[in-house]
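Peer 1: Please see the structure below; I have some questions.
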Amino acid sequence: MSRQSLGEFEQLVLLAILRLKDDAYGAGIAQELETQANRRVSRGALYSSLDRLEKKGFLRWEVAPATSERGGQPKRCFEVTPTGIEALKEPHQAWLNLTSGLEDILGGPSS
Amino acid sequence: MNASRPSPPRWLHAALKKLLADSLVGRSILGDLQEEYQRRLSAEGAFAARAWYRREAAGVLLRGLAGRLSDRGYWRDSQGPPGGVRKQGDGRMKQCMEEFKLAVRSLLRSPGFALAAVLTLSLGIGANAAVFSVVNGVLLDPLPFQDPDRLVIIQSSAPGVNAPPEFGVAPEFCFHYRNDAEALEDAGLYDNIGATLRVGDRAERLRMAQVTLSLFSTLGVSPALGRLPSAEEVKQGVDPILISHALWTRQFGNDPEVLGRTVEAADRPRVIVGVMGPEFTFPEDETQVWLPYVIDPDQLQPGNFSRSMVGRVKEGVEPPELLAQLVPIANRMPEIYSSAPRYVDFLTRGRYRPVVHPLKEFLVGDLRRPLWILLATVLVVWMIACANVANLFFVRAEGRQHEMAVRSALGAGRVRLIRVFSAEALLLSLGGGIAGSLLAWGAVPALLASAPPNTPRLNNVHLDAAVLAFTAAVTVASALLFGLVPALRYSSAGILRQLHCSGRKTTAGRQRQWGRAALVVAQSAMAMVLLVSSGLLLESFRQLAGVDPGYDPEDVLTFQIAPPNEAYPTPTSLAAFHRSFMEKISGLPGVESVGAIRNLPIDEGVAGRFWLLEGAVTPAGQERPLIYYNFASPDYFRSMGIEVLSGRAFQERDEHDEIGQAIVSRSMAETFWPGQDPLGKRLSFGNDGADWQTVVGVVEDVRDAGLREEPKAMIYLPFMGPKGDDDWAIRSPAYTVKASQASSLAPLIRDQIRSMDTVMPLYRMQTMEEVVSRSIVRLSFTMMALGISALMALALGTIGLYGVLSYVVTRRTNEIGIRLALGARLGQVRQMVVMQGTSMALAGIILGLVAAGALTSLLHDLLYGTQPWDPLIFSLTTAVMLLVSLLACFIPAHRACRVDPAQSLRLE
């Protein structure tokens with residue numbers, strides 16, 4: 001698979017899916033982004049991104065059975081593919097490299 | 001928590017469902033939204049949850065739609081779970097665009113075909129758009145009043161006396177109807193007059209309307225600027241008036257200060273209290289001033305049936321119900337006004353009865369038939385145009401058989417092939433539609449300019465949304481009509497299979513030829529109908545132009561002036577003025593004689609009265625027949641060339657003469673004094689047989705009401721008034737000036753009037769020839785419109801026939817070559833081609849004649865001096881059609897004869 005860059009929002013979406021593990025479906029991802037990344041997520045943008053990420057091969061999904069609170073509609077559970085994880089590693093590493101030594105200014109886990 | 005669990009906003013939910021429910025991905029999105037909505041409902045309450053849903057669902061909806069349009073296929077595929085290869089969306093839109101691009105390219109490759117098709121279509125579509133804009137503006141658009149469907153016009157009829165079939169209503173009727181008829185919510189009277197408006201030292205003759213104040217509330221209109229006057233104001237004699245928007249703009253430069261200004265209108269100072277909106281043009285398009293009055297029941301003089309009455313019926317009341325209530329009220333009138341014996345006599349003997357019509361029907365009823373006929377006509381032209389383009393398409397499709405075969409071999413399905421054709425058809429009709437709209441845009445002003453005068457609601461004719469919608473519909477229908485038939489035919493599997501087998505071009509299959517022949521037959525039939533119709537109208541026009549109106553309109557100039565009241569307050573001063581004015585005019589160079597008449601023939605209606613005739617033969621029960629009368633100056637008859645049959649014309653001394661003089665028309669003498677000498681007989685319109693006027697002359701009949709109407713019995717009285725009426729005065733007669741060259745006289749007369757002491761407007765200046773030609777303009781307009789359509793139909797039909805024949809000859813070149821090689825004579829070949837052409841044309845002509853026979857009776861009202869089935873017209877037009885068809889056959893036949901046998905055989 002050719003290397004494709006990830007947008008910032010796309011990174012956040014992938015991270016959220018990883019954090020949610022088995023429970024990564026549309027509503028949950030949105031909620032996770034809203035609580036952890038503290039940003040309002042437009043559902044239209046979210047589904048477009050999921051679509052795009054799937055097309056790039058960074059994630060895949062399977063169908064979970066419908067529940068009554070979903071109005072009898074099926075649920076798509078997302079999973080980040082190994083390619084997706086690879087794609088996340090690069091910006092993550094860059095982030096770590098660039099922020100190391102700046103904990104005083106930015107604040108961080110080590111401080 | 002809410003027990004009832006409010007649901008998400010319904011319409012959004014429904015829209016989303018429509019967009020998303022057909023794929024697994026979509027359904028899962030629906031589920032996510034639903035789940036989160038439920039969560040938020042519990043946590044944040046219904047209001048916040050619904051707001052959230054609205055926002056997010058709208059976002060999803062927009063992206064989904066955009067995705068669909070751009071064919072990115074968001075959330076559409078029903079592909080199974082993980083990892084499957086996503087198929088690029090079906091992209092119907094994209095494919096269509098592709099198809100259109102192809103079509104553009106293919107049309108550009110044959111610009112001649114494209115141009116011919118677009119031009120032909122633009123003619124058909126443009127004519128339709130133009131005529132429809134008139135039909136829509138005049139007939140279809142609702143009247144610009146409040147609830148116009150509840151407005152009716154109330155008229156009178158008195159079948160028992162010699163009165164017009166329907167005439168106006170008298171004020172006392174309006175008063176009682178309005179008070180007593182339950183079904184009537186409101187009602188008002190109106191009356192059109194021509195009167196002078198003086199603002200400062202400018203004087204102008206305008207159309208005005210005398211209206212009851214209640215007319216405005218009846219129509220549900222109020223002024224755009226200012227206000228309606230109150231009933232008290234009107235009664236107190238303040239004479240408030242309302243002016244039209246047009247007058248406000250033209251005369252007062254849109255100055256709002258005009259309110260409260262005093263101007264002189266209809267011979268009295270009056271105060272402007274309001275300006276009506278630009279859309280209010282009632283009763284006439286030209287009405288500029290409204291003079292309101294209030295009916296005063298104590299001052300009523302019964303019997304003035306000259307007003308028109310508009311009523312507004314209550315919600316849900318139909319005209320017949322209203323009529324049922326009006327009849328008993330009308331029947332009580334003789335009782336209420338028993339002090340006027342002649343009035344009572346008129347009502348009872350006349351079997352007076354009210355008549356009710358919907359207002360719109362009354363206003364535009366006369367136009368309905370000619371306009372629908374016109375629309376039908378241009379629709380026929382459009383159909384012929386479409387048939388022509390369909391033919392072009394057939395021919396083109398023939399040439400593209402191989403392309404189609406190749407496409408089909410490469411896997412294009414039938415739908416795909418139809419799309420190829422449809423894209424071209426749509427593009428062409430789009431071009432035709434645009435060109436046609438432009439054509440209509442240019443043609444509508446010309447159409448309106450040539451429309452008959454006094455055609456109501458012409459100011460409401462615009463190229464508006466309705467017209468555009470109609471044009472668009474016609475455009476799309478064009479594409480279907482000429483595009484789909486060839487598309488279906490040439491994409492059919494059978495044809496393609498046949499194609500695969502046959503490498504060589506031979507003659508086209510019989511089936512396909514049959515399709516084109518049917519088109520040609522239909523075209524000829526339609527052209528034939530139009531040709532016959534316009535032939536009938538042309539004949540009517542010829543007949544009408546040959547009618548002797550009873551006078552000689554050549555080189556007669558007529559005009560009116562309005563001398564002001566204050567300058568000529570008495571009948572005597574007015575009489576002196578008219579006399580000296582006529583003398584001045586007769587001194588102008590080239591003038592032969594000058595006359596004056598109260599009501600000019602054709603131009604204005606004449607009034608009728610019930611006359612007592614001495615020694616006359618009158619029908620039983622009609623001792624006092626209704627006879628029309630007019631007032632003429634001594635030289636009127638000479639200036640108009642009206643022949644004096646016996647006795648003499650008026651003389652100067654007859655005016656205010658002791659014995660009273662009258663002149664009668666020939667039919668008057670023949671009707672009422674048959675076999676007797678009318679000279680010396682006496683007649684009177686007084687109540688008790690006093691004030692007799694003696695007949696001193698008989699003149700030729702004049703067609704007063706237009707060339708179509710048989711002349712009426714007519715009584716002429718001296719211009720300065722009948723005996724016994726000292727108050728008689730004619731303020732603004734029509735002068736008739738006979739001169740060696742009437743049209744060059746106009747500037748001289750204008751100078752003459754300008755040089756007089758008082759300012760008086762000059763109006764209705766026209767030659768008698770113009771008056772006459774205007775009277776037949778309704779016929780000439782329809783004739784012209786139908787004639788143009790017929791010519792277009794004939795031309796298009798001929799081109800169609802020619803096109804098909806040429807094509808057939810080209811296709812049959814081989815066959816003709818073989819025939820020639822086998823010894824056929826040229827004459828035989830020519831005959832063969834001509835026979836094929838004429839047999840198609842003949843079939844069309846016969847069909848057309850049958851259709852024309854069924855349809856021309858619709859023209860009945862317009863025809864004059866000819867019958868809907870006039871055999872002469874039918875045979876003449878048939879001959880024309882045959883001749884033109886033969887011409888169309890000749891060129892292809894000629895070409896067929898020049899086929900070189902050797903050449904064509906080599907090809908084989």
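Labeling convention for the structure tokens: chains A, B, ... as they appear, residues from 1 per chain, ligands from 1 in order of appearance.
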Kindly provide, as a compact mmCIF listing (two decimals) with N, CA and C atoms, in the first residue's frame, the residues of chain B having any atom no farther than 7 Å from an atom of chain A, counting only C-alpha atoms.
Peer 2:
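Writing the result to selection33.txt gives the following:
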```
# COMPACT_ATOMS: atom_id res chain seq x y z
N ARG B 27 -27.62 2.62 6.64
CA ARG B 27 -28.48 2.21 7.75
C ARG B 27 -27.73 2.29 9.07
N SER B 28 -26.44 2.00 9.02
CA SER B 28 -25.70 2.07 10.28
C SER B 28 -25.56 3.52 10.73
N LEU B 30 -27.81 5.81 10.14
CA LEU B 30 -29.13 6.10 10.71
C LEU B 30 -29.20 5.60 12.14
N GLY B 31 -28.68 4.41 12.35
CA GLY B 31 -28.71 3.81 13.69
C GLY B 31 -27.90 4.64 14.68
N ASP B 32 -26.69 5.07 14.26
CA ASP B 32 -25.86 5.90 15.13
C ASP B 32 -26.59 7.15 15.55
N GLN B 34 -29.76 7.74 15.57
CA GLN B 34 -30.91 7.41 16.39
C GLN B 34 -30.47 7.13 17.84
N GLU B 35 -29.38 6.36 17.95
CA GLU B 35 -28.90 5.98 19.28
C GLU B 35 -28.47 7.21 20.06
N GLU B 36 -27.72 8.07 19.38
CA GLU B 36 -27.22 9.23 20.09
C GLU B 36 -28.35 10.19 20.45
N GLU B 56 -27.02 17.93 13.14
CA GLU B 56 -26.16 16.86 12.63
C GLU B 56 -26.79 16.16 11.43
N GLY B 59 -26.31 18.11 8.38
CA GLY B 59 -24.95 17.99 7.87
C GLY B 59 -24.75 16.69 7.09
N VAL B 60 -25.24 15.60 7.67
CA VAL B 60 -25.11 14.31 7.00
C VAL B 60 -25.86 14.32 5.68
N ARG B 63 -24.00 16.35 3.03
CA ARG B 63 -22.83 15.64 2.50
C ARG B 63 -23.26 14.46 1.65
N PRO B 81 -19.20 -6.64 4.70
CA PRO B 81 -18.20 -6.23 5.68
C PRO B 81 -16.78 -6.56 5.26
N PRO B 82 -15.89 -6.24 6.11
CA PRO B 82 -14.52 -5.82 5.91
C PRO B 82 -13.87 -6.04 4.57
N GLY B 83 -13.17 -4.99 4.27
CA GLY B 83 -12.14 -5.06 3.27
C GLY B 83 -12.50 -5.19 1.83
```
Peer 1: Extract, using only C-alpha atoms, all DNA, RNA and protein residues at most 12 Å from region 98-114 of chain B, discarding same-chain residues fewer than 4 positions from it, and format them as a VMD selection string.
Peer 2: chain B and resid 91 to 94 118 to 122 388 to 397 399 to 400 403 416 to 432
Peer 1: Could you dump the residues just selected with N, CA and C atoms as an mmCIF file, in the first residue's frame?
Peer 2:
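This is the output file again22.cif:
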```cif
data_model
loop_
_atom_site.group_PDB
_atom_site.id
_atom_site.type_symbol
_atom_site.label_atom_id
_atom_site.label_comp_id
_atom_site.auth_asym_id
_atom_site.auth_seq_id
_atom_site.Cartn_x
_atom_site.Cartn_y
_atom_site.Cartn_z
ATOM 1 N N GLY B 91 -22.838 6.276 -10.665
ATOM 2 C CA GLY B 91 -22.587 7.556 -11.312
ATOM 3 C C GLY B 91 -23.469 7.841 -12.501
ATOM 4 N N ARG B 92 -24.766 7.725 -12.270
ATOM 5 C CA ARG B 92 -25.688 7.966 -13.374
ATOM 6 C C ARG B 92 -25.482 9.375 -13.937
ATOM 7 N N MET B 93 -25.305 10.293 -12.989
ATOM 8 C CA MET B 93 -25.170 11.694 -13.378
ATOM 9 C C MET B 93 -23.947 11.863 -14.281
ATOM 10 N N LYS B 94 -22.864 11.237 -13.814
ATOM 11 C CA LYS B 94 -21.617 11.378 -14.533
ATOM 12 C C LYS B 94 -21.771 10.825 -15.951
ATOM 13 N N VAL B 118 -32.442 22.977 -35.016
ATOM 14 C CA VAL B 118 -32.659 24.020 -34.013
ATOM 15 C C VAL B 118 -33.554 25.119 -34.575
ATOM 16 N N LEU B 119 -33.311 25.512 -35.822
ATOM 17 C CA LEU B 119 -34.109 26.588 -36.412
ATOM 18 C C LEU B 119 -35.572 26.155 -36.552
ATOM 19 N N THR B 120 -35.759 24.937 -37.068
ATOM 20 C CA THR B 120 -37.123 24.450 -37.235
ATOM 21 C C THR B 120 -37.847 24.428 -35.899
ATOM 22 N N LEU B 121 -37.157 23.896 -34.892
ATOM 23 C CA LEU B 121 -37.782 23.806 -33.578
ATOM 24 C C LEU B 121 -38.043 25.181 -32.991
ATOM 25 N N SER B 122 -37.098 26.119 -33.208
ATOM 26 C CA SER B 122 -37.272 27.429 -32.600
ATOM 27 C C SER B 122 -38.507 28.123 -33.173
ATOM 28 N N ASN B 388 -40.806 17.243 -38.777
ATOM 29 C CA ASN B 388 -39.668 17.495 -39.667
ATOM 30 C C ASN B 388 -38.356 17.087 -39.022
ATOM 31 N N VAL B 389 -38.195 17.475 -37.770
ATOM 32 C CA VAL B 389 -36.949 17.150 -37.101
ATOM 33 C C VAL B 389 -36.856 15.638 -36.893
ATOM 34 N N ALA B 390 -37.995 15.014 -36.597
ATOM 35 C CA ALA B 390 -37.993 13.555 -36.451
ATOM 36 C C ALA B 390 -37.506 12.915 -37.745
ATOM 37 N N ASN B 391 -37.954 13.485 -38.848
ATOM 38 C CA ASN B 391 -37.524 12.980 -40.143
ATOM 39 C C ASN B 391 -36.028 13.129 -40.339
ATOM 40 N N LEU B 392 -35.548 14.290 -39.975
ATOM 41 C CA LEU B 392 -34.096 14.515 -40.041
ATOM 42 C C LEU B 392 -33.379 13.472 -39.196
ATOM 43 N N PHE B 393 -33.959 13.215 -38.039
ATOM 44 C CA PHE B 393 -33.370 12.254 -37.124
ATOM 45 C C PHE B 393 -33.333 10.857 -37.727
ATOM 46 N N PHE B 394 -34.446 10.492 -38.370
ATOM 47 C CA PHE B 394 -34.511 9.193 -39.025
ATOM 48 C C PHE B 394 -33.383 9.051 -40.030
ATOM 49 N N VAL B 395 -33.271 10.100 -40.846
ATOM 50 C CA VAL B 395 -32.269 10.069 -41.895
ATOM 51 C C VAL B 395 -30.882 9.935 -41.297
ATOM 52 N N ARG B 396 -30.663 10.730 -40.249
ATOM 53 C CA ARG B 396 -29.368 10.710 -39.600
ATOM 54 C C ARG B 396 -29.115 9.352 -38.961
ATOM 55 N N ALA B 397 -30.160 8.804 -38.359
ATOM 56 C CA ALA B 397 -30.005 7.520 -37.691
ATOM 57 C C ALA B 397 -29.645 6.434 -38.707
ATOM 58 N N GLY B 399 -27.896 6.811 -41.276
ATOM 59 C CA GLY B 399 -26.488 6.949 -41.571
ATOM 60 C C GLY B 399 -25.605 6.462 -40.427
ATOM 61 N N ARG B 400 -26.208 6.332 -39.246
ATOM 62 C CA ARG B 400 -25.384 5.961 -38.093
ATOM 63 C C ARG B 400 -25.601 4.520 -37.663
ATOM 64 N N GLU B 403 -22.482 2.853 -36.620
ATOM 65 C CA GLU B 403 -22.000 3.311 -35.328
ATOM 66 C C GLU B 403 -22.767 2.611 -34.207
ATOM 67 N N ARG B 416 -28.661 2.262 -23.213
ATOM 68 C CA ARG B 416 -27.516 3.104 -23.511
ATOM 69 C C ARG B 416 -27.687 3.772 -24.872
ATOM 70 N N LEU B 417 -28.128 2.967 -25.835
ATOM 71 C CA LEU B 417 -28.306 3.513 -27.185
ATOM 72 C C LEU B 417 -29.406 4.570 -27.206
ATOM 73 N N ILE B 418 -30.478 4.279 -26.481
ATOM 74 C CA ILE B 418 -31.558 5.270 -26.425
ATOM 75 C C ILE B 418 -31.024 6.558 -25.818
ATOM 76 N N ARG B 419 -30.137 6.383 -24.828
ATOM 77 C CA ARG B 419 -29.582 7.578 -24.195
ATOM 78 C C ARG B 419 -28.779 8.412 -25.179
ATOM 79 N N VAL B 420 -28.067 7.730 -26.069
ATOM 80 C CA VAL B 420 -27.287 8.458 -27.070
ATOM 81 C C VAL B 420 -28.217 9.353 -27.888
ATOM 82 N N PHE B 421 -29.306 8.742 -28.348
ATOM 83 C CA PHE B 421 -30.263 9.524 -29.148
ATOM 84 C C PHE B 421 -30.923 10.619 -28.318
ATOM 85 N N SER B 422 -31.332 10.248 -27.108
ATOM 86 C CA SER B 422 -32.068 11.214 -26.293
ATOM 87 C C SER B 422 -31.208 12.408 -25.952
ATOM 88 N N ALA B 423 -29.927 12.157 -25.695
ATOM 89 C CA ALA B 423 -29.055 13.274 -25.349
ATOM 90 C C ALA B 423 -29.008 14.257 -26.513
ATOM 91 N N GLU B 424 -28.903 13.729 -27.718
ATOM 92 C CA GLU B 424 -28.891 14.629 -28.880
ATOM 93 C C GLU B 424 -30.218 15.360 -29.016
ATOM 94 N N ALA B 425 -31.301 14.605 -28.844
ATOM 95 C CA ALA B 425 -32.623 15.215 -28.987
ATOM 96 C C ALA B 425 -32.809 16.317 -27.958
ATOM 97 N N LEU B 426 -32.401 16.032 -26.715
ATOM 98 C CA LEU B 426 -32.574 17.031 -25.664
ATOM 99 C C LEU B 426 -31.752 18.267 -25.957
ATOM 100 N N LEU B 427 -30.513 18.047 -26.410
ATOM 101 C CA LEU B 427 -29.650 19.189 -26.713
ATOM 102 C C LEU B 427 -30.255 20.051 -27.806
ATOM 103 N N LEU B 428 -30.733 19.376 -28.866
ATOM 104 C CA LEU B 428 -31.315 20.132 -29.981
ATOM 105 C C LEU B 428 -32.545 20.892 -29.527
ATOM 106 N N SER B 429 -33.403 20.223 -28.751
ATOM 107 C CA SER B 429 -34.622 20.915 -28.353
ATOM 108 C C SER B 429 -34.293 22.031 -27.375
ATOM 109 N N LEU B 430 -33.241 21.827 -26.593
ATOM 110 C CA LEU B 430 -32.822 22.905 -25.700
ATOM 111 C C LEU B 430 -32.424 24.122 -26.534
ATOM 112 N N GLY B 431 -31.625 23.865 -27.564
ATOM 113 C CA GLY B 431 -31.242 24.956 -28.463
ATOM 114 C C GLY B 431 -32.476 25.596 -29.069
ATOM 115 N N GLY B 432 -33.408 24.740 -29.525
ATOM 116 C CA GLY B 432 -34.645 25.252 -30.106
ATOM 117 C C GLY B 432 -35.435 26.053 -29.090
#
```
Peer 1: If we count only C-alpha atoms, what is near Gly675 (chain B) at a cut-off of 12 Å, once residues fewer than 5 positions away on the same chain are taken out, given as a list of chain:residue names?
Peer 2: B:Gly615, B:Ala616, B:Val617, B:Ala669, B:Glu670
Peer 1: Run DSSP on the backbone of this structure and report the residues of chain A it assigns to helix (DSSP H, G or I), as a PyMOL selection string.
Peer 2: chain A and resi 8-23+26-36+43-56+68-70+82-99+103-106
Peer 1: Would you pick out the contacts of Ala851 (chain B) at 10 Å or less, using only C-alpha atoms, so that residues sharing its chain but fewer than 4 positions from it are not included, and give the list as JSON, numbers by chain?
Peer 2: {"B": [525, 526, 528, 529, 845, 846, 847, 855, 856]}
Peer 1: Restrict the selected residues to C-alpha atoms and save them as a PDB file, in the first residue's frame.
Peer 2:
```
ATOM      1  CA  ALA B 525     -52.813  16.711 -43.186  1.00  0.00           C
ATOM      2  CA  MET B 526     -52.014  19.322 -40.562  1.00  0.00           C
ATOM      3  CA  MET B 528     -53.970  21.220 -45.074  1.00  0.00           C
ATOM      4  CA  VAL B 529     -56.181  22.062 -42.093  1.00  0.00           C
ATOM      5  CA  ILE B 845     -54.586  15.978 -48.149  1.00  0.00           C
ATOM      6  CA  ILE B 846     -57.564  13.677 -47.816  1.00  0.00           C
ATOM      7  CA  LEU B 847     -57.021  13.267 -44.108  1.00  0.00           C
ATOM      8  CA  LEU B 855     -62.775  21.798 -37.392  1.00  0.00           C
ATOM      9  CA  THR B 856     -63.598  24.823 -39.510  1.00  0.00           C
TER      10      THR B 856
END
```
Peer 1: Expressed in Å to a single decimal, how great is the separation between CA of Asp870 (chain B) and CA of Ala852 (chain B)?
Peer 2: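 Spanning CA of Asp870 (chain B) to CA of Ala852 (chain B) is a straight-line distance of 11.1 Å.
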Peer 1: If we count only C-alpha atoms and set the cut-off at 12 Å, which residues sit around Leu762 (chain B), ignoring sequence neighbours fewer than 4 positions away in its own chain? Please answer as a ChimeraX atom specification.
Peer 2: /B:195-196,202-206,558-563,732-735,746-747,749-754,766
Peer 1: Pull the closest atom pair for each residue of region 167-283 of chain B that gets at most 12 Å from region 594-609 of chain B, along with the distance in Å to one decimal, counting only C-alpha atoms, ordering rows by chain and then ascending residue number, as CSV.
Peer 2:
```
residue,atom,partner,partner_atom,distance
B:Phe167,CA,B:Gly608,CA,11.9
B:Ile193,CA,B:Glu604,CA,11.3
B:Gly194,CA,B:Glu604,CA,11.2
```
Peer 1: Rounded to one decimal in Å, what is the spacing between CA of Ala163 (chain B) and CA of Thr618 (chain B)?
Peer 2: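 Distance reported for this atom pair: 14.8 Å.
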Peer 1: Counting only C-alpha atoms, what is within 6 Å of Leu225 (chain B), bar same-chain residues fewer than 2 positions away, as a list in words?
Peer 2: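 So the residues in contact are Pro223, Gly274 and Val275 of chain B.
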Peer 1: Work out how far CA of Asn128 (chain B) is from CA of Val444 (chain B), in Å to one decimal.
Peer 2: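 Distance reported for this atom pair: 10.8 Å.
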Peer 1: Mind checking DSSP for region 513-584 of chain B and telling me the strand (DSSP E or B) residues as a PyMOL selection string?
Peer 2: chain B and resi 556-561
Peer 1: Got time to write the residues from that selection, C-alpha atoms, as a short mmCIF file (atom, residue, chain, number, x, y, z; two decimals), in the first residue's frame?
Peer 2:
```
data_model
loop_
_atom_site.label_atom_id
_atom_site.label_comp_id
_atom_site.auth_asym_id
_atom_site.auth_seq_id
_atom_site.Cartn_x
_atom_site.Cartn_y
_atom_site.Cartn_z
CA VAL B 556 -62.36 61.92 -44.93
CA LEU B 557 -60.57 63.11 -41.82
CA THR B 558 -62.38 63.07 -38.54
CA PHE B 559 -61.53 64.42 -35.09
CA GLN B 560 -63.08 65.77 -31.95
CA ILE B 561 -62.31 68.74 -29.75
#
```
Peer 1: May I have the residues within 10 Å of Pro9 (chain B) as a PDB file with C-alpha atoms, in the first residue's frame, using only C-alpha atoms and disregarding those fewer than 4 positions away in the same chain?
Peer 2:
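File out31.pdb, as written:
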```pdb
ATOM      1  CA  HIS B  13     -35.658  11.831   9.601  1.00  0.00           C
ATOM      2  CA  ALA B  14     -37.740  10.924   6.571  1.00  0.00           C
ATOM      3  CA  ALA B  49     -31.724  16.587  21.595  1.00  0.00           C
ATOM      4  CA  ARG B  50     -33.891  17.754  18.781  1.00  0.00           C
ATOM      5  CA  ALA B  51     -31.644  20.735  18.119  1.00  0.00           C
ATOM      6  CA  TYR B  53     -30.437  16.068  15.654  1.00  0.00           C
ATOM      7  CA  ARG B  54     -31.455  18.864  13.351  1.00  0.00           C
ATOM      8  CA  ALA B  57     -28.730  15.208  10.413  1.00  0.00           C
TER       9      ALA B  57
END
```
